[in-house]
Amino acid sequence: MKRILFLLASLMLGGLPLTAQDGANAKVTGLVLDAINEAPIEFATVYIDGTSTAVETSETGRYSIIVPADEDFTLVFSRIGYQEARAEVKAMPARTSRQVDVNLAPVNSELEVVVRESKIQDAGLIREDVEQLRLLPSTTGNLESILPHIALGASGGTGGELSSQYNVRGGNYDENLVYVNDFAIYRPQLIRAGQQEGLTFANFDLTRSLAFSSGGFEAKYGDKLSSVLDIKYKRPDSLRASLEGSFLGGSSHIEGSIDVGKDGYRKLRYLAGARYKTTGYLLGSLDVKGEYITNFSDIQTYLTYDISRDWQVGLLANYNRAVYNFEPTERSTALGLINFALELFSEFDGQEVDDFTTSMGGLSFTYLPDRKRNPLFLKFLASTFRSDENERFDIIGQYSLRQIESGLGSDNFGEVVSELGNGTQQQFVRNFLNMQLTNFEHRGGIELNLDSNDPDVSSSHFLQWSAKIQNERIDDQINEWERLDSAGYSLPYDTSSVLLFNVLKTENNLNSLRFSGFIQDTYTYRNESKGELRISAGLRASYWDLNQELLLSPRAQLLYKPLNSKRDISYRLAGGLYFQPPFYREMRAFDGTVNTDLRAQKSAHIVGGFTWDFYMGKKNPKKFRFITEAYYKPMWDLVSYEIENVRIRYSGQNDAEGYVAGIDMRINGEFVPDAESWINLSFLRARENLVGVQHLVRELGEEEGQEVDDVPRPTDQFMNLSMFFQDYLPQSDRFRMYLNLTVGTGLPFGLQGNNRIYRNTYRFSPYHRVDIGFSLQLFDQEKRKKNPSHFLRFTRNTWLRLEIFNLMQVRNQAGNTWIKTVFDQQYAIPNYLTSRRINLRLRMEF
């Protein structure tokens, strides 16, 4: 705990102390891949030539080996069915690390073994071991929900633990890109609350690796303002399966491969997974009581078939359905101060029925010829995504807003003193949306190795390109209204008629084509005595026939890693223009109309930072990594928006400009052996101003506001801290503990119906939450000899986990319910998130 507090203090100061340099060993880590399909190779042996020091690669192809310091040595990589590889490694100073990646060629292939020694992160992407991420206690079970705990500059949205949405460096959830095996992933559009969210696309059990960039990413990634999540699914070679169940649902998966031909090239690899989630147990702790019936399920598969040595076909398919039924009965919410306490009590009649069904299918053909020089790849992709969404509300509520006696010495303590307002709130919704997206894309790349007369110098170009066309068909029917009644008077009050508070009734049909593409070159130069330099520059282009806007987006990244420095450090600088063409949600205004002339939102990214690998400890030094990045993003042609729970409502106009600036820091490493932990700390300032509007800020007690140049954006969260720590018993690593801590300052919000001049002048309470988990390994196949008759011997690994969500039982806020009186007074009643809940999880791997 002292070390954790020390590291937190160090992060606050923006740096870490240098540890002692004495020691006799160094460390080499890396990745071993198949040279043909770049799949990770498991159980490959890595050893130091002439010694007995050896290790094996994991399921993800990774290895870590302790090597002698201050002397040259040779690493040998071997695996049955592959050609042996040897890497000559020059002397490394004590307590330093180096990365050596190897592509092993099959024995029947004419490809050459490729050995790469580098520590530069690819274009600033942060890559994570998926198995470590699985340990994070999660209420959603979705891979995306853990990003706020591991990614630079990422934080949870207003939906809190009920939602998998995340914000990155002052952007909202719609500004994030997600790819799975080069296919762009989309999601339902109508979801308005975290309770309605089902399972996101990415399946933990099928995932091989993920990479995340918080900004300044390469031109090969698409047109969004904030971030990119790049997920790769497994390419299995052996039969594996898993089965998991808990109070919140369950999952299962199977993977394997089949040799179809005798030539060793034709192989069918298969992945299939099914998931089910139910959150009724979790939602039972909300203030609104009633019957929650939630059924979220999905099934997906990823198949690849090696047609020949050069050609491969892949199929990715997914079917996802989220059904949310809710019959509320009553609500009781207390709020206020010690000398002014309020209670909102409501009784409901009616129900909400929502159904979100999505399906996706993607087909890819990859051409990878067996070329010894200047490797080439060509890829052809086609995919379709369909979303059928409907939400049906018919709920009427009778409410009473009361003042409660809060004087501790009063005889009436806790009783109702007066009634500030009462009335009726009725909500009727019949919304239906159908979305169909179909696209075709070609991607390609060629590596050009440059000759050099100096054996210590190597350089190459990697040229990539893409062209894509996408058809979008959207049919949207909106029919919703809301009736408010205060003290028997309908709002807004009219002496001649009864008016509804809010009415939306529109029908929108769109059919359009998008064209996009990029060209990018990555130049790598390595001098063994000086360092490694990588420069990536590219240009994206896009055109949409609906608004007829042509966009050109140049981007560049520079990474430098000195090799003769005592510190293992690398530097990154990135910049470019990032444009986000409008999608349907940005085009639909508050009144339901669609602005087809809406232009793309635009931003420039300037990002700089460094990555430092170091060791801490004297007897058994542990490796740590410290990453920091500072950034500045000016933005223009923005579409202003408001957030209600997780629902983002746009103005439908390019009516704002602004900027985001901040700094992110992260440290991760093994505080205890073989148990990685990490800490993230971020600071940011996100501001905007509506074009043609003079914003005002009114201080407490002032009748008139003061003029200001800008106001907070809805995602302006000044500070966010997240920490994941794991430990185990000293005598046995079978029993482990996982602690997950999240702290964030409050997000801004404004008055309902008056959020332009006095914009986002209030803030929610700070979000802070602790989740803790305990796991016990019931069976480990590697230790089977100790107990050959174990009742779980039919499994490979079996874990039992106990998770406690919201350990401190903090009442975090997800939004407001607005109570309006006939005298035009408004009261913001907090909508609190879930309370403490206990979950039991059993996982078996075969």
# chains A, B, ... in the order shown; residues from 1 in each chain; ligands from 1
>>> residues_around(residues="Thr278 (chain A)", least_positions_apart="6", cutoff="6 Å", atoms="only C-alpha atoms", output="list in words")
Leu248, Gly249, Thr294 and Asn295 of chain A
>>> residues_around(residues="region 203-213 of chain A", least_positions_apart="2", cutoff="7 Å", atoms="only C-alpha atoms", output="PyMOL selection string")
chain A and resi 60+124-130+143+151+201+215+217+227-234+253+271
>>> closest_residue(among="A:Gln300, A:Thr821, A:Ser458, A:Ser226", to="Leu484 (chain A)", atoms="only C-alpha atoms")
A:Thr821
>>> residues_around(residues="Arg649 (chain A)", least_positions_apart="2", cutoff="8 Å", atoms="only C-alpha atoms", output="count of residues only")
10
>>> select_by_dssp(residues="region 599-759 of chain A", states="strand (DSSP E or B)", output="number ranges by chain")
A: 601-616, 622-644, 647-672, 675-690, 696-697, 706-707, 711-712, 719-729, 732-744, 748-749, 751, 754
>>> closest_residue(among="A:Tyr584, A:Gly669, A:Tyr523, A:Arg540", to="Arg473 (chain A)", atoms="only C-alpha atoms")
A:Tyr584
>>> closest_residue(among="A:Asp259, A:Glu161, A:Asp72, A:Asp568", to="Gln99 (chain A)", atoms="only C-alpha atoms")
A:Asp568
>>> atom_distance(atom1="CA of Asp521 (chain A)", atom2="CA of Ala604 (chain A)")
20.4 Å
